[in-house]
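**Q** Sharing target.pdb here; it has PDB, C-alpha atoms.
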```pdb
ATOM      1  CA  MET A   1     -80.426 -23.311  13.127
ATOM      2  CA  PHE A   2     -83.645 -21.365  12.590
ATOM      3  CA  ASP A   3     -83.133 -17.874  11.186
ATOM      4  CA  PRO A   4     -86.248 -15.791  11.952
ATOM      5  CA  THR A   5     -87.843 -13.905   9.096
ATOM      6  CA  ILE A   6     -88.963 -10.283   9.112
ATOM      7  CA  TYR A   7     -92.475 -11.585   9.816
ATOM      8  CA  ASP A   8     -91.278 -13.518  12.884
ATOM      9  CA  ASN A   9     -89.333 -10.564  14.268
ATOM     10  CA  LEU A  10     -92.182  -8.078  13.780
ATOM     11  CA  LYS A  11     -94.706 -10.515  15.246
ATOM     12  CA  VAL A  12     -92.626 -10.943  18.407
ATOM     13  CA  ALA A  13     -92.108  -7.181  18.726
ATOM     14  CA  ILE A  14     -95.856  -6.502  18.389
ATOM     15  CA  GLU A  15     -96.645  -9.232  20.924
ATOM     16  CA  ASN A  16     -94.093  -7.859  23.391
ATOM     17  CA  VAL A  17     -95.464  -4.309  23.264
ATOM     18  CA  LEU A  18     -99.137  -5.300  23.454
ATOM     19  CA  TYR A  19     -98.723  -7.969  26.140
ATOM     20  CA  ASP A  20     -96.736  -5.455  28.233
ATOM     21  CA  LEU A  21     -99.613  -2.968  27.851
ATOM     22  CA  ASP A  22    -101.951  -5.749  29.011
ATOM     23  CA  ASN A  23     -99.977  -7.403  31.812
ATOM     24  CA  LEU A  24     -97.716  -4.635  33.128
ATOM     25  CA  ASP A  25     -99.475  -1.341  32.355
ATOM     26  CA  GLU A  26    -102.966  -2.869  32.576
ATOM     27  CA  CYS A  27    -104.432  -0.291  30.179
ATOM     28  CA  ILE A  28    -105.631  -2.816  27.579
ATOM     29  CA  GLN A  29    -106.905  -6.365  27.587
ATOM     30  CA  ILE A  30    -105.940  -8.878  24.887
ATOM     31  CA  THR A  31    -109.199 -10.395  23.613
ATOM     32  CA  GLY A  32    -108.046 -12.506  20.684
ATOM     33  CA  ARG A  33    -104.961 -13.939  19.014
ATOM     34  CA  ARG A  34    -104.552 -15.620  15.621
ATOM     35  CA  ASP A  35    -101.403 -17.073  14.102
ATOM     36  CA  GLN A  36    -102.259 -18.845  10.862
ATOM     37  CA  LEU A  37    -100.325 -20.576   8.121
ATOM     38  CA  GLU A  38    -102.303 -20.968   4.895
ATOM     39  CA  MET A  39    -100.922 -24.202   3.454
ATOM     40  CA  ALA A  40    -102.386 -23.713  -0.041
ATOM     41  CA  SER A  41    -100.608 -20.405  -0.639
ATOM     42  CA  MET A  42     -97.911 -20.743   2.051
ATOM     43  CA  SER A  43     -98.900 -17.321   3.405
ATOM     44  CA  ARG A  44     -98.891 -16.361   7.060
ATOM     45  CA  GLU A  45    -101.187 -14.089   9.028
ATOM     46  CA  PHE A  46    -100.945 -12.952  12.624
ATOM     47  CA  GLY A  47    -103.604 -10.957  14.440
ATOM     48  CA  LEU A  48    -103.726  -9.641  17.979
ATOM     49  CA  GLN A  49    -107.019  -8.091  19.107
ATOM     50  CA  PHE A  50    -107.424  -5.937  22.203
ATOM     51  CA  CYS A  51    -109.698  -3.423  23.915
ATOM     52  CA  LEU A  52    -109.395  -0.826  26.645
ATOM     53  CA  ARG A  53    -109.834  -2.342  30.108
ATOM     54  CA  GLU A  54    -112.933  -0.270  30.857
ATOM     55  CA  GLN A  55    -114.495  -0.510  27.354
ATOM     56  CA  ALA A  56    -114.792  -4.031  25.960
ATOM     57  CA  GLY A  57    -117.332  -2.921  23.340
ATOM     58  CA  VAL A  58    -114.719  -1.246  21.104
ATOM     59  CA  THR A  59    -111.865  -3.399  19.818
ATOM     60  CA  ALA A  60    -108.631  -2.867  17.921
ATOM     61  CA  GLU A  61    -106.581  -5.436  16.046
ATOM     62  CA  VAL A  62    -103.087  -5.444  14.566
ATOM     63  CA  ILE A  63    -102.798  -7.761  11.554
ATOM     64  CA  LEU A  64     -99.463  -8.764  10.068
ATOM     65  CA  LYS A  65     -99.370 -10.695   6.764
ATOM     66  CA  SER A  66     -96.603 -12.306   4.781
ATOM     67  CA  SER A  67     -96.867 -14.076   1.428
ATOM     68  CA  LEU A  68     -94.730 -16.832  -0.042
ATOM     69  CA  GLU A  69     -93.288 -14.310  -2.505
ATOM     70  CA  THR A  70     -92.081 -11.922   0.190
ATOM     71  CA  ILE A  71     -90.690 -14.713   2.380
ATOM     72  CA  ALA A  72     -88.873 -16.200  -0.630
ATOM     73  CA  ALA A  73     -87.521 -12.776  -1.631
ATOM     74  CA  GLU A  74     -86.164 -12.322   1.870
ATOM     75  CA  ILE A  75     -84.610 -15.782   2.201
ATOM     76  CA  LEU A  76     -83.181 -15.811  -1.336
ATOM     77  CA  GLU A  77     -82.222 -12.119  -1.138
ATOM     78  CA  THR A  78     -83.840 -11.527  -4.521
ATOM     79  CA  PRO A  79     -82.854  -8.117  -5.897
ATOM     80  CA  GLY A  80     -85.716  -5.779  -6.787
ATOM     81  CA  VAL A  81     -88.352  -7.737  -4.845
ATOM     82  CA  PRO A  82     -89.416  -6.015  -1.630
ATOM     83  CA  ALA A  83     -89.021  -8.128   1.490
ATOM     84  CA  GLY A  84     -91.325  -7.417   4.376
ATOM     85  CA  CYS A  85     -94.884  -7.748   5.577
ATOM     86  CA  GLU A  86     -98.237  -6.115   5.055
ATOM     87  CA  LEU A  87     -99.683  -4.309   8.054
ATOM     88  CA  GLU A  88    -103.363  -3.684   8.679
ATOM     89  CA  LEU A  89    -105.147  -2.126  11.636
ATOM     90  CA  ARG A  90    -108.791  -2.834  12.385
ATOM     91  CA  PHE A  91    -111.147  -1.115  14.819
ATOM     92  CA  ALA A  92    -114.679  -2.383  15.461
ATOM     93  CA  PHE A  93    -117.825  -1.949  17.533
ATOM     94  CA  THR A  94    -121.573  -2.499  17.365
ATOM     95  CA  THR A  95    -124.081   0.355  17.162
ATOM     96  CA  LYS A  96    -127.767   0.961  16.517
ATOM     97  CA  GLU A  97    -127.083   4.093  14.419
ATOM     98  CA  PRO A  98    -124.142   3.703  11.997
ATOM     99  CA  GLU A  99    -124.988   6.853  10.030
ATOM    100  CA  ALA A 100    -124.533   8.940  13.146
ATOM    101  CA  CYS A 101    -121.039   7.652  13.889
ATOM    102  CA  CYS A 102    -119.376   6.655  10.589
ATOM    103  CA  HIS A 103    -118.415  10.223   9.644
ATOM    104  CA  ASP A 104    -116.890  10.735  13.093
ATOM    105  CA  ILE A 105    -115.006   7.437  12.812
ATOM    106  CA  GLN A 106    -113.613   8.434   9.415
ATOM    107  CA  GLU A 107    -112.494  11.767  10.831
ATOM    108  CA  VAL A 108    -110.645  10.080  13.723
ATOM    109  CA  MET A 109    -108.947   7.611  11.374
ATOM    110  CA  GLN A 110    -107.871  10.292   8.884
ATOM    111  CA  GLU A 111    -106.592  12.458  11.707
ATOM    112  CA  ASN A 112    -104.338   9.624  12.888
ATOM    113  CA  TRP A 113    -103.413   7.971   9.571
ATOM    114  CA  PRO A 114    -103.882  10.669   6.903
ATOM    115  CA  ASP A 115    -101.750   8.967   4.244
ATOM    116  CA  GLN A 116    -103.206   5.463   4.533
ATOM    117  CA  LEU A 117    -106.153   3.775   2.860
ATOM    118  CA  ILE A 118    -109.100   3.712   5.289
ATOM    119  CA  LEU A 119    -112.159   1.565   4.586
ATOM    120  CA  GLN A 120    -115.230   1.242   6.762
ATOM    121  CA  HIS A 121    -117.495  -1.791   6.627
ATOM    122  CA  ILE A 122    -121.000  -2.047   8.043
ATOM    123  CA  HIS A 123    -122.539  -5.483   8.612
ATOM    124  CA  TYR A 124    -125.919  -6.439   9.962
ATOM    125  CA  ILE A 125    -128.030  -9.560  10.285
ATOM    126  CA  PHE A 126    -131.110  -9.434   8.087
ATOM    127  CA  GLY A 127    -134.304  -9.746  10.104
ATOM    128  CA  GLU A 128    -132.634  -9.106  13.461
ATOM    129  CA  SER A 129    -134.815  -7.088  15.794
ATOM    130  CA  PRO A 130    -133.829  -4.684  17.147
ATOM    131  CA  MET A 131    -131.358  -4.192  14.335
ATOM    132  CA  SER A 132    -127.735  -3.589  15.280
ATOM    133  CA  PHE A 133    -124.802  -2.855  13.006
ATOM    134  CA  HIS A 134    -121.235  -4.081  13.303
ATOM    135  CA  VAL A 135    -118.990  -1.234  12.143
ATOM    136  CA  SER A 136    -115.316  -1.793  11.368
ATOM    137  CA  ALA A 137    -112.680   0.630  10.143
ATOM    138  CA  ASN A 138    -109.621  -0.882   8.482
ATOM    139  CA  ILE A 139    -106.375   0.974   7.878
ATOM    140  CA  TYR A 140    -104.147  -0.417   5.117
ATOM    141  CA  PHE A 141    -100.518   0.612   4.816
ATOM    142  CA  GLY A 142     -99.575   0.857   1.146
ATOM    143  CA  ARG A 143     -96.052  -0.455   1.567
ATOM    144  CA  HIS A 144     -94.219  -3.347   3.123
ATOM    145  CA  VAL A 145     -92.969  -2.961   6.676
ATOM    146  CA  ASN A 146     -89.768  -4.540   7.912
ATOM    147  CA  GLU A 147     -87.308  -4.383  10.801
ATOM    148  CA  GLU A 148     -86.452  -0.775   9.936
ATOM    149  CA  GLN A 149     -89.879   0.138  11.365
ATOM    150  CA  MET A 150     -89.323  -1.862  14.581
ATOM    151  CA  HIS A 151     -88.939   1.347  16.648
ATOM    152  CA  ASP A 152     -92.351   2.517  15.333
ATOM    153  CA  ILE A 153     -94.253  -0.366  16.959
ATOM    154  CA  PRO A 154     -94.623   1.213  20.444
ATOM    155  CA  VAL A 155     -95.711   4.494  18.816
ATOM    156  CA  LEU A 156     -98.212   2.622  16.631
ATOM    157  CA  CYS A 157     -99.664   0.819  19.662
ATOM    158  CA  ASP A 158     -99.926   4.074  21.634
ATOM    159  CA  ARG A 159    -101.743   5.673  18.705
ATOM    160  CA  MET A 160    -104.128   2.702  18.550
ATOM    161  CA  ILE A 161    -104.931   3.195  22.242
ATOM    162  CA  HIS A 162    -105.517   6.903  21.575
ATOM    163  CA  VAL A 163    -107.920   5.977  18.749
ATOM    164  CA  LEU A 164    -109.711   3.462  20.999
ATOM    165  CA  ASN A 165    -110.299   6.286  23.478
ATOM    166  CA  LYS A 166    -111.700   8.498  20.714
ATOM    167  CA  LEU A 167    -113.951   5.668  19.480
ATOM    168  CA  LYS A 168    -115.123   5.088  23.047
ATOM    169  CA  GLU A 169    -116.416   8.694  23.041
ATOM    170  CA  ILE A 170    -118.193   8.140  19.717
ATOM    171  CA  HIS A 171    -119.594   4.766  20.787
ATOM    172  CA  GLY A 172    -120.883   6.186  24.061
TER     173      GLY A 172
END
```
For this file, produce the structure as C-alpha cells.
**A**
Amino acid sequence: MFDPTIYDNLKVAIENVLYDLDNLDECIQITGRRDQLEMASMSREFGLQFCLREQAGVTAEVILKSSLETIAAEILETPGVPAGCELELRFAFTTKEPEACCHDIQEVMQENWPDQLILQHIHYIFGESPMSFHVSANIYFGRHVNEEQMHDIPVLCDRMIHVLNKLKEIHG
C-alpha cells in the first residue's frame, strides 16, 4: 500500500485549492503545471502557474520541492532531521521599464510576506529591439512546510491572488 509523503499531501492540497479557483470560482486560469522527479538526486519539484482571468500578462506560481534527505527523514522517522518541503512563490511579467516598477513590486511583496526572503530577477534578450524585460519576484520561505500548514494553503492562494491584482495595477 502506498503511504503518501508530506510532499504528496501538500501537492494535492495546493492543486485542489487552485483548480477550484480556476474551474469553480473562475477567478484564475491555470497556465502551466510541472511535476518533476530528478533521478540523479532523487528530488521532486511541483509547480503550478496561474494568472487572473482578465490579466494573462502577470503570472504567479507555487513551487513545492522535496529532497531525498527530507523524504528519507520522513519515511525513516529520523530524529533531529526536519521532514517537510520547501515552498517558493514566483510572480512574473514583462515590461519596457523595469526601474519604474521594481521598487513598487518589492513594496507589494514585503507588505504581504515581510518575514520571507524576496529576490527580484530581471532578464532581457541582448540585441532585442524594442527591448523588453522579464521581471520575476521570488519569495522563499526559510523553513520546511508540512501538513501542519495545510490549513494555510487557501489563505496563501488568496494572498497570491491579492498580489496578482496589485501587480496588475503596477503592470498597467
**Q** Once the PyMOL selection byres ((chain A and resi 140) around 7) has been applied to the shown file, what residues remain in the selection, as JSON, numbers by chain?
**A** {"A": [87, 88, 89, 116, 117, 118, 138, 139, 141, 142]}
**Q** Generate the output file for the selected residues, C-alpha atoms, as a PDB file, in the frame of the given file.
**A**
```
ATOM      1  CA  LEU A  87     -99.683  -4.309   8.054  1.00  0.00           C
ATOM      2  CA  GLU A  88    -103.363  -3.684   8.679  1.00  0.00           C
ATOM      3  CA  LEU A  89    -105.147  -2.126  11.636  1.00  0.00           C
ATOM      4  CA  GLN A 116    -103.206   5.463   4.533  1.00  0.00           C
ATOM      5  CA  LEU A 117    -106.153   3.775   2.860  1.00  0.00           C
ATOM      6  CA  ILE A 118    -109.100   3.712   5.289  1.00  0.00           C
ATOM      7  CA  ASN A 138    -109.621  -0.882   8.482  1.00  0.00           C
ATOM      8  CA  ILE A 139    -106.375   0.974   7.878  1.00  0.00           C
ATOM      9  CA  PHE A 141    -100.518   0.612   4.816  1.00  0.00           C
ATOM     10  CA  GLY A 142     -99.575   0.857   1.146  1.00  0.00           C
TER      11      GLY A 142
END
```
**Q** What residues come out when you apply the PyMOL selection byres ((chain A and resi 95) around 6) to this file, written as a PyMOL selection string?
**A** chain A and resi 94+96-97+132-133
**Q** Evaluated on this file, the PyMOL selection byres ((chain A and resi 64) around 6) picks out some residues - which ones are they, written as a list of chain:residue names?
**A**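 For this structure, the PyMOL selection byres ((chain A and resi 64) around 6) resolves to A:Glu45, A:Phe46, A:Ile63, A:Lys65, A:Glu86, A:Leu87.
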**Q** For A:Glu26, list every protein, DNA or RNA residue within 12 Å, evaluated using all atoms listed in the file, and leave out those in the same chain fewer than 5 positions away; present the list as a PyMOL selection string.
**A** chain A and resi 18-21+50-54
**Q** Restricting the calculation to only C-alpha atoms: of A:Ala100, A:Cys85, A:Val163, A:Leu156, which residue gets closest to A:Asp8?
**A**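 Closest to A:Asp8, using only C-alpha atoms: A:Cys85.
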**Q** To one decimal place, how far is atom CA of A:Asp104 from atom CA of A:His134 in Å?
**A**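 Computing the Euclidean distance for atom CA of A:Asp104 and atom CA of A:His134 yields 15.4 Å.
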**Q** Counting all atoms listed in the file, which of A:Asp25, A:Tyr7, A:Leu48, A:Cys157 gets nearest to A:Ala72?
**A**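 Of A:Asp25, A:Tyr7, A:Leu48, A:Cys157, the one nearest A:Ala72, counting all atoms listed in the file, is A:Tyr7.
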**Q** Find the spatial neighbours of stretch 75-84 of chain A, counting all atoms listed in the file, within a cut-off of 10 Å - ignore same-chain residues fewer than 3 positions away - and output them as a list in words.
**A**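 Listing them by chain and then by number gives Asp3, Pro4, Thr5, Ile6, Tyr7, Leu10, Lys65, Ser66, Ser67, Glu69, Thr70, Ile71, Ala72, Leu87, Arg143, His144, Val145, Asn146, Glu147 and Glu148 of chain A.
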**Q** Give the answer as one residue: which of A:Met160, A:Leu167, A:Ala73, A:Ile153 has the shortest atom-to-atom distance to A:Cys102, using only C-alpha atoms?
**A**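 Using only C-alpha atoms, A:Cys102 sits closest to A:Leu167.
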**Q** With all atoms of stretch 114-132 of chain A from the file as input, state the centre and edge lengths in Å to one decimal of the axis-aligned box that has 3 Å extra on each side, as JSON.
**A**
```
{"center_x": -118.3, "center_y": 0.5, "center_z": 10.0, "size_x": 39.1, "size_y": 26.4, "size_z": 20.3}
```
**Q** Using only C-alpha atoms, which of the listed residues (A:His123, A:Glu74, A:Asn112, A:Arg44) sits closest to A:Lys11?
**A**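 With only C-alpha atoms as the atom set, the closest residue is A:Arg44.
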**Q** May I ask which of the residues A:Met42, A:Met150, A:Ile170, A:Tyr124 is the closest one to A:Asn16, counting all atoms listed in the file?
**A** A:Met150
**Q** Identify which of the residues A:Val135, A:Leu37, A:Ile28, A:Val62 lies closest to A:Ala13, counting only C-alpha atoms when measuring atom-to-atom distances.
**A**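 So, comparing all the options, the nearest one is A:Val62.
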**Q** What is the distance between atom CA of A:Gly47 and atom CA of A:Val12, in Å to one decimal?
**A** 11.7 Å
**Q** As a list in words, please: the residues near A:Lys168 (cut-off 10 Å, all atoms listed in the file, same-chain neighbours under 4 positions excluded).
**A**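 Final neighbour list, sorted by chain and number: Leu52, Glu54, Gln55, Ala56, Gly57, Val58, Thr59, Phe93, His162, Val163, Leu164 and Gly172 of chain A.
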**Q** In Å, rounded to a single decimal, give me how far atom CA of A:Phe126 is from atom CA of A:Cys101.
**A**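 Atom CA of A:Phe126 lies at a distance of 20.7 Å from atom CA of A:Cys101.
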